[in-house]
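See below for the structure under consideration.
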Amino acid sequence: MRSGRLRFAATPEPIADAEVVLICVPTPLRDHAPDLHFVEEAAADVAAHLRVGALVLLESTTYPGTTDDLVIPILEATGRRSGLDFLLAYSPERVDPGNREYGMRNTPRLVGGHTPAATDAAVVFYEQIVDKVVPVSTTRATETAKLLENTFRHINIALVNELATLCHELGIDVLEFIDAAGTKPFGFMRFAPGPGIGGHCIPLDPTYLSWQIRRQVGRRFGLLEQAQDVNERMPNYVVSRIGEMLNEQGRAVRGARILALGVAYKPDVGDVRGSPSLQVIQQLHRRGAEVEFHDFFVDAVTINGERSNGVRDLGSSLEKADLVVLLTPHTRYDLEDIAARARLVFDTRNAFGPRRPPNVVAL
Ligand SMILES: NC(=O)c1ccc[n+]([C@@H]2O[C@H](COP(=O)([O-])OP(=O)(O)OC[C@H]3O[C@@H](n4cnc5c(N)ncnc54)[C@H](O)[C@@H]3O)[C@@H](O)[C@H]2O)c1
């Protein structure tokens, strides 16, 4: 910023002055298939204004083959050639919003160029802003690496979610055995169960991979499909457990006052895109519960087409509720205070740990 060489523009003309152009536009899904129209439009703008010798970097998460098969033809439509007139590489964005330990600088960058010269140029560029840059030999392998990272997370979350539901039936405390397994210093990575997955990465990105596998190889990515089933069922499971808890108190869900804590999809952010909390609240509403929510980062949400505001006086809402469900454990939540004020708490994220107070039930 201080050098004055970073400029912001809402039109594509300044691309003509840029030696490096980064494409980091959204890559959503439409009807369970990748919707690449943002990438196509951005690439067309880049092609129309690209200066000779520029380095183009695609950062959007996408299916293997996008850089070579989709972006190159658009950039070459004006007669320029990749490797001769411009350099093109893929480098996935790996940022984890809300993560205080790992930001852009200390999260290693993968780069895979269309040509070795493109990889080299991309390494030189990113080395100026991140501590470690890892070259990968092809754009496809780099695209797939990003999808593997999020598919790995998706499937492992499904594993602990399914175990949590089964172990509840067996009467085994899920957090205790996950923590016990987590003491193994190799070959195990700790994942925690929860009310489902949300955000705009983990629920979407693996579908890019399964879509491409089905399209190119004609086969299903069965393991992922099963994981998606498990994770998508979690909000429903949370609602059924709430029903069980109220039932034990001689109460029905209909008419019960329920306070949901945390509607963002993950702790310490205000992003509600795809948040399983919204599904839990929506289903509780449908079953006739009177649901209120609280979130330090979100003032209002739209559920079933209706806008509703979060509660402001957390203390009195905790005391009024028949049941408090902790869905997103923002670090600002004072767990001791919550347990002291609330009658009954359902801890869907195991935030209280295995030594929880007697009025707190874990997933
Ligand atoms: N945000 C994250 O935490 C994160 C993490 C990892 C990967 N990603 C990936 O990065 C990509 C971008 O995600 P995001 O969260 O920044 O998306 P976003 O929706 O927040 O915004 C992207 C920006 O692209 C702009 N845009 C759209 N079409 C354009 C066009 N034709 N020309 C120029 N600009 C255009 C939009 O105006 C917007 O400012 C996605 O592929 C996403 O999967 C994001």
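Residues in the structure tokens are numbered from 1 in each chain, the chains being A, B, ... in the order shown, and ligands are numbered from 1 in the order shown.
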Could you list, as a PDB file with N, CA, C and O atoms, in the first residue's frame, all protein and nucleic acid residues with an atom at most 8 Å from ligand 1, counting only C-alpha atoms and all ligand atoms?
ATOM      1  N   ALA A  10     -12.871  -0.354 -10.521  1.00  0.00           N
ATOM      2  CA  ALA A  10     -14.103  -1.113 -10.730  1.00  0.00           C
ATOM      3  C   ALA A  10     -14.313  -1.428 -12.204  1.00  0.00           C
ATOM      4  O   ALA A  10     -15.322  -2.001 -12.590  1.00  0.00           O
ATOM      5  N   PRO A  12     -12.172  -2.865 -15.960  1.00  0.00           N
ATOM      6  CA  PRO A  12     -10.998  -3.706 -16.269  1.00  0.00           C
ATOM      7  C   PRO A  12      -9.836  -2.993 -16.964  1.00  0.00           C
ATOM      8  O   PRO A  12      -8.761  -3.578 -17.074  1.00  0.00           O
ATOM      9  N   ILE A  23      -6.838 -13.541 -10.430  1.00  0.00           N
ATOM     10  CA  ILE A  23      -8.279 -13.760 -10.579  1.00  0.00           C
ATOM     11  C   ILE A  23      -8.744 -14.516  -9.330  1.00  0.00           C
ATOM     12  O   ILE A  23      -8.332 -15.660  -9.101  1.00  0.00           O
ATOM     13  N   CYS A  24      -9.538 -13.845  -8.501  1.00  0.00           N
ATOM     14  CA  CYS A  24     -10.011 -14.515  -7.272  1.00  0.00           C
ATOM     15  C   CYS A  24     -11.502 -14.220  -7.104  1.00  0.00           C
ATOM     16  O   CYS A  24     -11.905 -13.556  -6.164  1.00  0.00           O
ATOM     17  N   VAL A  25     -12.257 -14.685  -8.073  1.00  0.00           N
ATOM     18  CA  VAL A  25     -13.701 -14.450  -8.093  1.00  0.00           C
ATOM     19  C   VAL A  25     -14.429 -15.676  -7.527  1.00  0.00           C
ATOM     20  O   VAL A  25     -13.845 -16.758  -7.414  1.00  0.00           O
ATOM     21  N   PRO A  26     -15.690 -15.513  -7.169  1.00  0.00           N
ATOM     22  CA  PRO A  26     -16.416 -16.653  -6.583  1.00  0.00           C
ATOM     23  C   PRO A  26     -16.587 -17.812  -7.568  1.00  0.00           C
ATOM     24  O   PRO A  26     -16.697 -17.591  -8.770  1.00  0.00           O
ATOM     25  N   THR A  27     -16.615 -19.027  -7.023  1.00  0.00           N
ATOM     26  CA  THR A  27     -16.879 -20.228  -7.831  1.00  0.00           C
ATOM     27  C   THR A  27     -17.961 -21.034  -7.124  1.00  0.00           C
ATOM     28  O   THR A  27     -17.680 -22.045  -6.478  1.00  0.00           O
ATOM     29  N   PRO A  28     -19.218 -20.572  -7.214  1.00  0.00           N
ATOM     30  CA  PRO A  28     -20.292 -21.268  -6.494  1.00  0.00           C
ATOM     31  C   PRO A  28     -20.740 -22.535  -7.236  1.00  0.00           C
ATOM     32  O   PRO A  28     -20.198 -22.869  -8.292  1.00  0.00           O
ATOM     33  N   HIS A  37     -19.103 -19.069 -14.280  1.00  0.00           N
ATOM     34  CA  HIS A  37     -19.293 -17.889 -15.135  1.00  0.00           C
ATOM     35  C   HIS A  37     -18.522 -16.670 -14.622  1.00  0.00           C
ATOM     36  O   HIS A  37     -18.102 -15.832 -15.407  1.00  0.00           O
ATOM     37  N   PHE A  38     -18.263 -16.593 -13.304  1.00  0.00           N
ATOM     38  CA  PHE A  38     -17.458 -15.466 -12.791  1.00  0.00           C
ATOM     39  C   PHE A  38     -16.024 -15.569 -13.311  1.00  0.00           C
ATOM     40  O   PHE A  38     -15.425 -14.577 -13.709  1.00  0.00           O
ATOM     41  N   VAL A  39     -15.492 -16.790 -13.313  1.00  0.00           N
ATOM     42  CA  VAL A  39     -14.123 -16.990 -13.812  1.00  0.00           C
ATOM     43  C   VAL A  39     -14.065 -16.671 -15.302  1.00  0.00           C
ATOM     44  O   VAL A  39     -13.144 -15.998 -15.776  1.00  0.00           O
ATOM     45  N   GLU A  40     -15.073 -17.129 -16.030  1.00  0.00           N
ATOM     46  CA  GLU A  40     -15.086 -16.889 -17.482  1.00  0.00           C
ATOM     47  C   GLU A  40     -15.139 -15.388 -17.789  1.00  0.00           C
ATOM     48  O   GLU A  40     -14.395 -14.892 -18.640  1.00  0.00           O
ATOM     49  N   GLU A  41     -16.006 -14.676 -17.059  1.00  0.00           N
ATOM     50  CA  GLU A  41     -16.138 -13.232 -17.301  1.00  0.00           C
ATOM     51  C   GLU A  41     -14.849 -12.500 -16.941  1.00  0.00           C
ATOM     52  O   GLU A  41     -14.384 -11.630 -17.681  1.00  0.00           O
ATOM     53  N   ALA A  42     -14.276 -12.856 -15.793  1.00  0.00           N
ATOM     54  CA  ALA A  42     -13.050 -12.187 -15.355  1.00  0.00           C
ATOM     55  C   ALA A  42     -11.913 -12.482 -16.329  1.00  0.00           C
ATOM     56  O   ALA A  42     -11.148 -11.579 -16.703  1.00  0.00           O
ATOM     57  N   ALA A  43     -11.826 -13.751 -16.778  1.00  0.00           N
ATOM     58  CA  ALA A  43     -10.755 -14.116 -17.723  1.00  0.00           C
ATOM     59  C   ALA A  43     -10.933 -13.361 -19.040  1.00  0.00           C
ATOM     60  O   ALA A  43      -9.946 -12.928 -19.658  1.00  0.00           O
ATOM     61  N   ASP A  45     -12.248 -10.387 -19.398  1.00  0.00           N
ATOM     62  CA  ASP A  45     -11.797  -9.013 -19.146  1.00  0.00           C
ATOM     63  C   ASP A  45     -10.271  -8.942 -19.158  1.00  0.00           C
ATOM     64  O   ASP A  45      -9.685  -7.999 -19.689  1.00  0.00           O
ATOM     65  N   GLU A  59      -6.759 -17.871  -8.553  1.00  0.00           N
ATOM     66  CA  GLU A  59      -6.761 -18.277  -7.131  1.00  0.00           C
ATOM     67  C   GLU A  59      -8.075 -18.939  -6.709  1.00  0.00           C
ATOM     68  O   GLU A  59      -8.162 -19.513  -5.635  1.00  0.00           O
ATOM     69  N   SER A  60      -9.116 -18.803  -7.524  1.00  0.00           N
ATOM     70  CA  SER A  60     -10.424 -19.354  -7.153  1.00  0.00           C
ATOM     71  C   SER A  60     -10.363 -20.874  -7.009  1.00  0.00           C
ATOM     72  O   SER A  60      -9.676 -21.551  -7.785  1.00  0.00           O
ATOM     73  N   THR A  61     -11.100 -21.398  -6.048  1.00  0.00           N
ATOM     74  CA  THR A  61     -11.176 -22.854  -5.876  1.00  0.00           C
ATOM     75  C   THR A  61     -11.987 -23.429  -7.033  1.00  0.00           C
ATOM     76  O   THR A  61     -13.074 -22.923  -7.331  1.00  0.00           O
ATOM     77  N   THR A  62     -11.468 -24.490  -7.656  1.00  0.00           N
ATOM     78  CA  THR A  62     -12.188 -25.001  -8.820  1.00  0.00           C
ATOM     79  C   THR A  62     -11.797 -26.434  -9.155  1.00  0.00           C
ATOM     80  O   THR A  62     -10.904 -26.997  -8.524  1.00  0.00           O
ATOM     81  N   PRO A  92      -4.074 -21.806  -5.234  1.00  0.00           N
ATOM     82  CA  PRO A  92      -5.331 -21.757  -4.478  1.00  0.00           C
ATOM     83  C   PRO A  92      -5.253 -20.880  -3.236  1.00  0.00           C
ATOM     84  O   PRO A  92      -4.218 -20.847  -2.562  1.00  0.00           O
ATOM     85  N   GLU A  93      -6.347 -20.199  -2.977  1.00  0.00           N
ATOM     86  CA  GLU A  93      -6.489 -19.445  -1.726  1.00  0.00           C
ATOM     87  C   GLU A  93      -6.741 -20.462  -0.606  1.00  0.00           C
ATOM     88  O   GLU A  93      -7.598 -21.318  -0.735  1.00  0.00           O
ATOM     89  N   ARG A  94      -5.974 -20.322   0.502  1.00  0.00           N
ATOM     90  CA  ARG A  94      -6.151 -21.295   1.593  1.00  0.00           C
ATOM     91  C   ARG A  94      -6.580 -20.627   2.886  1.00  0.00           C
ATOM     92  O   ARG A  94      -6.565 -21.270   3.937  1.00  0.00           O
ATOM     93  N   VAL A  95      -6.909 -19.334   2.819  1.00  0.00           N
ATOM     94  CA  VAL A  95      -7.162 -18.593   4.059  1.00  0.00           C
ATOM     95  C   VAL A  95      -8.292 -19.226   4.882  1.00  0.00           C
ATOM     96  O   VAL A  95      -9.250 -19.780   4.332  1.00  0.00           O
ATOM     97  N   ASP A  96      -8.133 -19.168   6.198  1.00  0.00           N
ATOM     98  CA  ASP A  96      -9.109 -19.752   7.122  1.00  0.00           C
ATOM     99  C   ASP A  96      -9.647 -18.599   7.976  1.00  0.00           C
ATOM    100  O   ASP A  96      -9.021 -18.214   8.971  1.00  0.00           O
ATOM    101  N   PRO A  97     -10.802 -18.008   7.583  1.00  0.00           N
ATOM    102  CA  PRO A  97     -11.286 -16.823   8.300  1.00  0.00           C
ATOM    103  C   PRO A  97     -11.435 -17.107   9.797  1.00  0.00           C
ATOM    104  O   PRO A  97     -11.909 -18.175  10.188  1.00  0.00           O
ATOM    105  N   HIS A 200     -18.709 -21.351   2.837  1.00  0.00           N
ATOM    106  CA  HIS A 200     -18.792 -21.420   1.388  1.00  0.00           C
ATOM    107  C   HIS A 200     -17.653 -22.237   0.815  1.00  0.00           C
ATOM    108  O   HIS A 200     -17.377 -22.182  -0.373  1.00  0.00           O
ATOM    109  N   CYS A 201     -16.947 -23.000   1.676  1.00  0.00           N
ATOM    110  CA  CYS A 201     -15.836 -23.818   1.160  1.00  0.00           C
ATOM    111  C   CYS A 201     -16.076 -25.306   1.386  1.00  0.00           C
ATOM    112  O   CYS A 201     -16.272 -26.062   0.437  1.00  0.00           O
ATOM    113  N   ASP A 205     -16.657 -27.277  -1.988  1.00  0.00           N
ATOM    114  CA  ASP A 205     -15.465 -27.626  -2.773  1.00  0.00           C
ATOM    115  C   ASP A 205     -15.363 -29.103  -3.161  1.00  0.00           C
ATOM    116  O   ASP A 205     -15.015 -29.402  -4.314  1.00  0.00           O
TER     117      ASP A 205
END
- Message: Report as JSON, numbers by chain all protein, DNA and RNA residues lying within 7 Å of region 63-66 of chain A, evaluated on only C-alpha atoms, omitting residues in the same chain fewer than 4 positions from it.
- Response: {"A": [70, 71, 140, 143, 144, 208, 209, 212]}
Writing out the chosen residues with N, CA, C and O atoms as a CSV table (one decimal), in the first residue's frame:
chain,number,residue,atom,x,y,z
A,70,LEU,N,-10.1,-24.2,-19.4
A,70,LEU,CA,-11.1,-23.2,-19.5
A,70,LEU,C,-10.5,-21.8,-19.6
A,70,LEU,O,-10.9,-21.0,-20.5
A,71,VAL,N,-9.5,-21.5,-18.8
A,71,VAL,CA,-8.9,-20.2,-18.7
A,71,VAL,C,-8.0,-19.9,-19.9
A,71,VAL,O,-8.1,-18.9,-20.5
A,140,ARG,N,-3.2,-28.9,-12.8
A,140,ARG,CA,-4.2,-29.9,-12.4
A,140,ARG,C,-3.9,-30.4,-11.0
A,140,ARG,O,-4.8,-30.6,-10.2
A,143,GLU,N,-4.7,-27.7,-8.5
A,143,GLU,CA,-6.2,-27.6,-8.3
A,143,GLU,C,-6.7,-28.7,-7.4
A,143,GLU,O,-7.5,-28.5,-6.5
A,144,THR,N,-6.2,-29.9,-7.7
A,144,THR,CA,-6.7,-31.1,-7.0
A,144,THR,C,-6.2,-31.1,-5.5
A,144,THR,O,-6.9,-31.5,-4.6
A,208,TYR,N,-16.8,-30.1,-6.5
A,208,TYR,CA,-16.0,-29.9,-7.7
A,208,TYR,C,-15.3,-31.1,-8.1
A,208,TYR,O,-15.2,-31.4,-9.3
A,209,LEU,N,-14.7,-31.8,-7.1
A,209,LEU,CA,-14.0,-33.0,-7.4
A,209,LEU,C,-14.9,-34.1,-7.9
A,209,LEU,O,-14.6,-34.8,-8.9
A,212,GLN,N,-16.2,-33.5,-11.4
A,212,GLN,CA,-15.3,-33.8,-12.5
A,212,GLN,C,-15.0,-35.2,-12.6
A,212,GLN,O,-14.8,-35.7,-13.8
- List the neighbours of Thr78 (chain A) out to 12 Å using only C-alpha atoms; skip same-chain residues closer than 6 positions along the sequence, and give me the result as a count of residues only. 13
- Message: For the structure I just gave you, how does DSSP split region 203-341 of chain A - specifically, which residues are strand (DSSP E)? Reply as a PyMOL selection string.
- Response: chain A and resi 257-261+290-294+300-303+306-309+323-326
Selected residues, N, CA and C atoms, written as a compact mmCIF listing (two decimals), in the first residue's frame, please.
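This went into selection09.txt:
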# COMPACT_ATOMS: atom_id res chain seq x y z
N ARG A 257 -39.44 -22.75 24.94
CA ARG A 257 -38.61 -21.57 24.63
C ARG A 257 -37.16 -22.02 24.50
N ILE A 258 -36.63 -21.85 23.29
CA ILE A 258 -35.27 -22.34 23.03
C ILE A 258 -34.39 -21.16 22.61
N LEU A 259 -33.22 -21.07 23.21
CA LEU A 259 -32.27 -20.02 22.85
C LEU A 259 -31.09 -20.66 22.13
N ALA A 260 -30.86 -20.24 20.88
CA ALA A 260 -29.73 -20.76 20.09
C ALA A 260 -28.56 -19.80 20.22
N LEU A 261 -27.41 -20.32 20.63
CA LEU A 261 -26.21 -19.47 20.76
C LEU A 261 -25.29 -19.71 19.57
N GLU A 290 -40.54 -21.87 20.29
CA GLU A 290 -40.32 -20.42 20.24
C GLU A 290 -38.81 -20.21 20.32
N VAL A 291 -38.19 -19.94 19.17
CA VAL A 291 -36.73 -19.90 19.14
C VAL A 291 -36.22 -18.47 19.07
N GLU A 292 -35.28 -18.17 19.94
CA GLU A 292 -34.56 -16.90 19.86
C GLU A 292 -33.09 -17.26 19.59
N PHE A 293 -32.33 -16.28 19.08
CA PHE A 293 -30.91 -16.58 18.91
C PHE A 293 -30.06 -15.43 19.44
N HIS A 294 -28.81 -15.76 19.72
CA HIS A 294 -27.84 -14.74 20.11
C HIS A 294 -26.54 -15.00 19.35
N ALA A 300 -28.97 -9.96 12.80
CA ALA A 300 -30.26 -10.47 12.34
C ALA A 300 -30.05 -11.55 11.30
N VAL A 301 -31.00 -12.48 11.20
CA VAL A 301 -30.94 -13.52 10.16
C VAL A 301 -32.32 -13.66 9.54
N THR A 302 -32.35 -14.23 8.33
CA THR A 302 -33.64 -14.49 7.67
C THR A 302 -33.88 -15.98 7.71
N ILE A 303 -35.01 -16.36 8.34
CA ILE A 303 -35.34 -17.78 8.43
C ILE A 303 -36.77 -17.95 7.94
N GLU A 306 -38.46 -14.88 6.88
CA GLU A 306 -38.73 -13.83 7.89
C GLU A 306 -37.44 -13.38 8.55
N ARG A 307 -37.30 -12.07 8.67
CA ARG A 307 -36.11 -11.51 9.29
C ARG A 307 -36.30 -11.53 10.80
N SER A 308 -35.34 -12.04 11.54
CA SER A 308 -35.48 -11.94 13.00
C SER A 308 -34.18 -11.44 13.62
N ASN A 309 -34.35 -10.61 14.64
CA ASN A 309 -33.19 -10.01 15.30
C ASN A 309 -32.72 -10.91 16.43
N LEU A 323 -34.53 -24.39 27.15
CA LEU A 323 -33.32 -25.10 26.72
C LEU A 323 -32.44 -24.13 25.92
N VAL A 324 -31.15 -24.20 26.19
CA VAL A 324 -30.18 -23.38 25.45
C VAL A 324 -29.36 -24.33 24.60
N VAL A 325 -29.29 -24.05 23.29
CA VAL A 325 -28.47 -24.92 22.44
C VAL A 325 -27.27 -24.12 21.96
N LEU A 326 -26.08 -24.60 22.32
CA LEU A 326 -24.84 -23.94 21.90
C LEU A 326 -24.44 -24.51 20.54
- Just the residues within 10 Å of Asp322 (chain A), please, counting only C-alpha atoms, with nothing from its chain fewer than 2 positions along; format it as a VMD selection string. chain A and resid 246 249 251 253 255 to 259 290 317 to 320 324 342 to 345
- Task: Rank nothing, just name the residue among A:Ala145, A:Ile129, A:Val20, A:Ile172 nearest to Leu88 (chain A), using only C-alpha atoms.
- Result: A:Val20
- Query: What lies within 10 Å of Lys132 (chain A) using only C-alpha atoms, ignoring chain neighbours under 6 positions off, as a PyMOL selection string?
  - Reply: chain A and resi 105-110+123+126
- Message: What's around Gly53 (chain A) at 12 Å? Count only C-alpha atoms, leave out sequence neighbours fewer than 5 positions away in its own chain, and write the answer as a list in words.
- Response: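 So the residues in contact are Ala16, Asp17, Ala18, Glu19, Val20, Val21, Arg80, Arg81, Ser82, Gly83, Leu84, Asp85, Phe86, Leu87, Leu88, Ala117, Ala118 and Ala121 of chain A.
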- Looking at A:Thr331, A:Asn161, A:Gln228, A:Gln128, which one is nearest to Asn99 (chain A), with distances taken over only C-alpha atoms? A:Thr331
- Message: Given only C-alpha atoms as the basis, pick out the residue of A:Thr348, A:Glu149, A:Gly250, A:Gly218 nearest to Pro193 (chain A).
- Response: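 Residue with the minimum atom-to-atom distance to Pro193 (chain A): A:Thr348.
For Arg341 (chain A), the set of protein, DNA and RNA residues having any atom at most 9 Å away, when counting only C-alpha atoms and skipping those fewer than 3 positions along the same chain, is Gly315, Ser316, Leu318, Glu319, Glu336, Asp337 and Ile338 of chain A.
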Those same residues - all heavy atoms - I'd like them written as a CSV table (one decimal), in the first residue's frame.
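Full text of part19.csv as output:
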chain,number,residue,atom,x,y,z
A,315,GLY,N,-28.1,-12.4,29.2
A,315,GLY,CA,-28.3,-13.0,30.6
A,315,GLY,C,-29.7,-13.3,30.8
A,315,GLY,O,-30.1,-14.5,31.2
A,316,SER,N,-30.7,-12.4,30.5
A,316,SER,CA,-32.1,-12.7,30.8
A,316,SER,C,-32.6,-13.8,29.9
A,316,SER,O,-33.5,-14.6,30.2
A,316,SER,CB,-32.9,-11.4,30.9
A,316,SER,OG,-33.3,-11.1,29.6
A,318,LEU,N,-31.0,-16.3,28.7
A,318,LEU,CA,-30.5,-17.6,29.2
A,318,LEU,C,-31.4,-18.1,30.3
A,318,LEU,O,-31.7,-19.2,30.3
A,318,LEU,CB,-29.1,-17.4,29.7
A,318,LEU,CG,-27.9,-17.3,28.7
A,318,LEU,CD1,-26.6,-16.9,29.4
A,318,LEU,CD2,-27.7,-18.6,28.0
A,319,GLU,N,-31.8,-17.2,31.1
A,319,GLU,CA,-32.6,-17.5,32.3
A,319,GLU,C,-34.1,-17.9,31.9
A,319,GLU,O,-34.7,-18.8,32.5
A,319,GLU,CB,-32.6,-16.4,33.3
A,319,GLU,CG,-31.3,-16.4,34.1
A,319,GLU,CD,-31.0,-15.1,34.8
A,319,GLU,OE1,-32.0,-14.3,34.9
A,319,GLU,OE2,-29.9,-14.9,35.2
A,336,GLU,N,-19.1,-20.8,31.8
A,336,GLU,CA,-19.5,-21.0,33.2
A,336,GLU,C,-20.8,-20.2,33.5
A,336,GLU,O,-21.7,-20.7,34.2
A,336,GLU,CB,-18.4,-20.4,34.1
A,336,GLU,CG,-17.9,-21.4,35.2
A,336,GLU,CD,-16.7,-20.8,35.9
A,336,GLU,OE1,-17.0,-20.0,36.8
A,336,GLU,OE2,-15.6,-21.1,35.6
A,337,ASP,N,-20.9,-19.0,33.0
A,337,ASP,CA,-22.0,-18.2,33.2
A,337,ASP,C,-23.3,-18.8,32.5
A,337,ASP,O,-24.4,-18.8,33.0
A,337,ASP,CB,-21.8,-16.8,32.7
A,337,ASP,CG,-22.9,-15.8,33.0
A,337,ASP,OD1,-23.2,-15.7,34.2
A,337,ASP,OD2,-23.5,-15.2,32.1
A,338,ILE,N,-23.0,-19.3,31.3
A,338,ILE,CA,-24.1,-19.9,30.6
A,338,ILE,C,-24.7,-21.1,31.4
A,338,ILE,O,-25.9,-21.2,31.6
A,338,ILE,CB,-23.7,-20.4,29.2
A,338,ILE,CG1,-23.4,-19.2,28.3
A,338,ILE,CG2,-24.7,-21.3,28.5
A,338,ILE,CD1,-22.7,-19.5,27.0
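In this structure, CA of Pro329 (chain A) sits 25.0 Å away from CA of Glu248 (chain A).
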- Proximity to Ser275 (chain A) - best of A:Glu101, A:Glu232, A:Glu76, A:Asp120, only C-alpha atoms: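 Among the listed residues, the smallest separation from Ser275 (chain A) belongs to A:Glu232.
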- Message: I'd like to know which of A:Thr119, A:Thr11, A:Thr207, A:Asn150 is closest to Leu57 (chain A), using only C-alpha atoms.
- Response: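 Using only C-alpha atoms, Leu57 (chain A) sits closest to A:Thr119.
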- Find the residue from A:Asn236, A:Arg332, A:Thr142, A:Arg241 that sits nearest to His168 (chain A); use only C-alpha atoms when measuring. A:Arg241
- Backbone DSSP call of alpha helix (DSSP H) for region 99-340 of chain A, listed as a count of residues only: 115
